[in-house]
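As structure tokens, the structure follows; a few thoughts come after it.
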Amino acid sequence: MPNHNTIPFSGGIARVLSRAELEQYAAWQRAFSGKTKEHRFYEIVADTLDSKFEHHYLLLEDSAGKVRGIQPVFFVQQNLVEGIPALRAAVEKIRQHFPRFLTMRLLMIGNAAGEGHLSTCASGDEEWVANALYQVLETYGRTSKVSLVVFKDFPASYRDVLWKFAANDYARVPSMPMTELALDYTDFDHYLTTLGASTRKDLRRKFRKIAAASPIDLEVVTDLTPYVDEVYPLYLQVHERSPLKFETLTKEYLSNLGRRMPDRARFFIWRQDGKAIAFSIALVHDGTIYDDYLGLDYRVALDLHLYFYTFRDVVSWSLAQGLKRYRSSPLNYQPKLHLGCDLYPLDLYVRHTNPFLNRIFRPILRFLEPTRHDPILKRFRNADQLLA
């Protein structure tokens with residue numbers, strides 16, 4: 001094996017791997033076993049996404065030399081007030097004199113294009129991996145000269161495993177949550193009957209208007225490559241309107257997702273008069289569909305209520321496939337609230353690498369966390385779970 005940068009810790013040693021070196025370890029094929037976004041997804045993200053991310057991998061060996069986990073991490077220069085309109089004007093004034101104010105180099109643990117997970121090569125090793133990372137990241141963050149170490153978008157189910165981080169040097173704050181809908185319905189009409197009367201009336205009015213327009217055809221494919229030039233501009237239209245822009249997908253990402261994960265990737269393409277007007281990027285695994293990204297042609301999207309039309313078709317398709325859960329990516333919470341979705345909480349664990357500054361930064365972070373500035377989130381029936 002090549003000679004790697006190593007970080008010793010009590011109970012083992014961590015090796016810092018590059019993307020190329022990763023291929024030499026058979027244990028990587030078992031990383032994230034059982035997760036929707038498993039090792040292939042991390043490879044696609046590293047190979048095809050924006051060059052602003054610098055990807056590395058922490059191979060965690062125990063004292064007997066057994067690989068217990070290979071945790072993906074990445075470095076990024078991040079604007080800490082991205083997507084917080086209430087602070088934007090004040091911060092921009094300060095940046096006229098101090099351009100890098102509240103912009104820091106971060107070491108992030110997790111995934112640049114989705115929720116984060118701990119990487120274990122065998123079941124039952126999550127606590128061991130968490131304890132190893134707690135020790136390793138202190139050294140790795142300091143020697144990498146980053147300002148912050150951040151666990152990015154970890155589901156709330158990790159709170160018991162990551163308790164040590166929140167109890168000590170890290171602040172745990174809510175990230176913008178995903179949303180979830182249990183698919184306990186025979187069909188879409190059955191689902192409609194569970195919504196409030198005003199929502200049902202509004203949706204039926206929208207669908208009648210769509211039915212009076214030129215027919216819209218749906219095609220579901222596993223490989224988007226033949227259509228990527230046609231639909232990619234639709235993704236960019238939605239992306240540019242988003243108040244939060246962390247990652248930007250590329251055409252290469254879209255093509256590779258279908259070609260390298262054909263068992264999980266599903267692409268929904270809607271056409272009217274032969275022209276693509278919407279498309280959705282989804283992953284399907286273990287009874288759940290993750291509706292991750294949406295592309296729309298805004299020349300017709302608002303008039304045709306395409307957001308609701310695409311939602312109806314994806315949910316209808318999922319019910320027909322026997323899927324049990326629908327999860328969608330963060331943001332756009334107003335319609336999701338009325339559509340009966342629950343929040344799927346995600347957490348950030350954040351630590352400043354300077355111990356003195358960390359004591360100041362931890363309480364301030366609670367005012368910077370993004371959910372604080374979204375009034376719609378407080379109206380979800382399980383909003384209390386964001387901070388539980």
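Residue numbering restarts at 1 for every chain of the structure tokens, chains are lettered A, B, ... in their displayed order, and ligands are numbered from 1 as they appear.
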
Within 12 Å of Arg266 of chain A using only C-alpha atoms, minus same-chain residues under 4 positions, as a list of chain:residue names
A:Glu219, A:Val220, A:Val221, A:Thr222, A:Asp223, A:Leu224, A:Leu254, A:Ser255, A:Leu257, A:Gly258, A:Arg259, A:Met261, A:Pro262, A:Phe279, A:Ser280, A:Ile281, A:Ala282, A:Leu283, A:Val284, A:His285, A:Ile289, A:Tyr290, A:Asp291, A:Asp292, A:Tyr293, A:Val314, A:Trp317, A:Ser318

Would you mind listing what lies within 12 Å of Ala64 of chain A as a count of residues only, with only C-alpha atoms counted and same-chain residues fewer than 4 positions away left out? 5

For this session: Identify, on the basis of only C-alpha atoms, every residue whose closest approach to Asp217 of chain A does not exceed 12 Å; exclude the query and any residue fewer than 2 positions from it along the same chain; express the result as a list in words.
Result: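 Using only C-alpha atoms, the neighbours found are Ala211, Ser214, Pro215, Glu219, Val220, Phe268, Ile269, Trp270, Arg271, Gln272, Asp273, Gly274, Lys275, Ala276, Ile277, Ala278, Phe279, Tyr309, Thr310 and Asp313 of chain A.
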
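If you look at atom CA of Thr193 of chain A and atom CA of Phe311 of chain A, they are 16.0 Å away from each other.
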
Selection near Leu59 of chain A, 12 Å with only C-alpha atoms, sequence-local residues under 3 positions removed, as a VMD selection string: chain A and resid 4 to 8 12 to 19 21 to 22 24 to 28 31 56 62 65 to 73 119 to 121 129 132 to 133 136

What would the file look like if the residues just selected were written as a tab-separated table (two decimals), in the first residue's frame with N, CA and C atoms?
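The resulting file, part-v4.tsv, is reproduced below:
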```
chain	number	residue	atom	x	y	z
A	4	HIS	N	0.68	6.84	3.36
A	4	HIS	CA	-0.33	7.88	3.51
A	4	HIS	C	0.01	8.80	4.68
A	5	ASN	N	-0.60	9.98	4.69
A	5	ASN	CA	-0.62	10.79	5.89
A	5	ASN	C	-1.41	10.01	6.92
A	6	THR	N	-0.89	9.94	8.13
A	6	THR	CA	-1.55	9.16	9.17
A	6	THR	C	-1.81	10.01	10.40
A	7	ILE	N	-2.88	9.68	11.10
A	7	ILE	CA	-3.25	10.37	12.33
A	7	ILE	C	-3.55	9.29	13.38
A	8	PRO	N	-2.68	9.11	14.36
A	8	PRO	CA	-2.96	8.11	15.40
A	8	PRO	C	-4.03	8.60	16.37
A	12	GLY	N	-6.52	3.08	17.47
A	12	GLY	CA	-6.22	2.82	16.07
A	12	GLY	C	-5.48	3.95	15.39
A	13	ILE	N	-5.64	3.98	14.07
A	13	ILE	CA	-4.95	4.98	13.25
A	13	ILE	C	-5.84	5.37	12.08
A	14	ALA	N	-5.77	6.63	11.68
A	14	ALA	CA	-6.51	7.11	10.51
A	14	ALA	C	-5.51	7.42	9.40
A	15	ARG	N	-5.88	7.06	8.19
A	15	ARG	CA	-5.07	7.36	7.01
A	15	ARG	C	-5.88	8.28	6.09
A	16	VAL	N	-5.26	9.32	5.60
A	16	VAL	CA	-5.93	10.26	4.71
A	16	VAL	C	-5.71	9.82	3.27
A	17	LEU	N	-6.80	9.45	2.60
A	17	LEU	CA	-6.73	8.92	1.24
A	17	LEU	C	-7.22	9.95	0.23
A	18	SER	N	-6.67	9.88	-0.97
A	18	SER	CA	-7.20	10.64	-2.10
A	18	SER	C	-8.25	9.79	-2.81
A	19	ARG	N	-8.95	10.39	-3.75
A	19	ARG	CA	-9.95	9.65	-4.53
A	19	ARG	C	-9.29	8.50	-5.28
A	21	GLU	N	-6.53	6.81	-4.48
A	21	GLU	CA	-6.07	5.77	-3.57
A	21	GLU	C	-7.22	4.93	-3.02
A	22	LEU	N	-8.40	5.48	-3.03
A	22	LEU	CA	-9.57	4.79	-2.50
A	22	LEU	C	-9.80	3.44	-3.17
A	24	GLN	N	-7.96	1.17	-3.99
A	24	GLN	CA	-7.10	0.05	-3.57
A	24	GLN	C	-7.61	-0.67	-2.33
A	25	TYR	N	-8.70	-0.18	-1.76
A	25	TYR	CA	-9.20	-0.75	-0.51
A	25	TYR	C	-10.56	-1.41	-0.75
A	26	ALA	N	-10.59	-2.74	-0.62
A	26	ALA	CA	-11.83	-3.49	-0.84
A	26	ALA	C	-12.91	-3.09	0.15
A	27	ALA	N	-12.51	-2.59	1.34
A	27	ALA	CA	-13.49	-2.21	2.35
A	27	ALA	C	-14.38	-1.07	1.88
A	28	TRP	N	-13.89	-0.27	0.93
A	28	TRP	CA	-14.70	0.84	0.43
A	28	TRP	C	-15.99	0.35	-0.23
A	31	ALA	N	-18.64	0.29	2.34
A	31	ALA	CA	-18.96	1.53	3.04
A	31	ALA	C	-20.38	1.96	2.69
A	56	HIS	N	-11.52	14.16	0.19
A	56	HIS	CA	-10.58	13.21	0.78
A	56	HIS	C	-11.38	12.17	1.57
A	62	ASP	N	-8.58	-0.10	13.31
A	62	ASP	CA	-8.44	-0.34	14.75
A	62	ASP	C	-7.02	-0.83	15.04
A	65	GLY	N	-5.47	-3.56	13.01
A	65	GLY	CA	-5.28	-3.35	11.58
A	65	GLY	C	-6.52	-3.58	10.75
A	66	LYS	N	-7.67	-3.75	11.39
A	66	LYS	CA	-8.92	-3.97	10.66
A	66	LYS	C	-9.54	-2.62	10.29
A	67	VAL	N	-9.95	-2.48	9.02
A	67	VAL	CA	-10.60	-1.25	8.57
A	67	VAL	C	-12.04	-1.26	9.07
A	68	ARG	N	-12.38	-0.27	9.90
A	68	ARG	CA	-13.72	-0.21	10.48
A	68	ARG	C	-14.62	0.82	9.76
A	69	GLY	N	-14.00	1.76	9.05
A	69	GLY	CA	-14.78	2.75	8.33
A	69	GLY	C	-13.90	3.55	7.38
A	70	ILE	N	-14.50	4.07	6.32
A	70	ILE	CA	-13.81	4.99	5.40
A	70	ILE	C	-14.74	6.19	5.23
A	71	GLN	N	-14.44	7.27	5.95
A	71	GLN	CA	-15.35	8.41	6.03
A	71	GLN	C	-14.99	9.49	5.01
A	72	PRO	N	-15.89	9.77	4.06
A	72	PRO	CA	-15.64	10.86	3.11
A	72	PRO	C	-15.70	12.22	3.82
A	73	VAL	N	-14.76	13.09	3.46
A	73	VAL	CA	-14.75	14.47	3.94
A	73	VAL	C	-14.41	15.36	2.75
A	119	SER	N	-19.70	6.28	7.88
A	119	SER	CA	-19.30	5.15	7.04
A	119	SER	C	-18.78	4.02	7.91
A	120	THR	N	-19.49	2.92	7.91
A	120	THR	CA	-19.04	1.74	8.63
A	120	THR	C	-18.91	0.59	7.65
A	121	CYS	N	-17.89	-0.22	7.84
A	121	CYS	CA	-17.67	-1.37	6.96
A	121	CYS	C	-18.29	-2.64	7.50
A	129	VAL	N	-16.80	4.21	15.06
A	129	VAL	CA	-16.41	5.20	14.06
A	129	VAL	C	-16.59	6.61	14.60
A	132	ALA	N	-13.83	7.39	17.00
A	132	ALA	CA	-12.58	7.60	16.26
A	132	ALA	C	-12.55	8.98	15.61
A	133	LEU	N	-13.65	9.36	14.97
A	133	LEU	CA	-13.71	10.66	14.31
A	133	LEU	C	-13.59	11.81	15.31
A	136	VAL	N	-9.87	12.08	15.76
A	136	VAL	CA	-9.11	12.35	14.54
A	136	VAL	C	-9.37	13.75	14.01
```
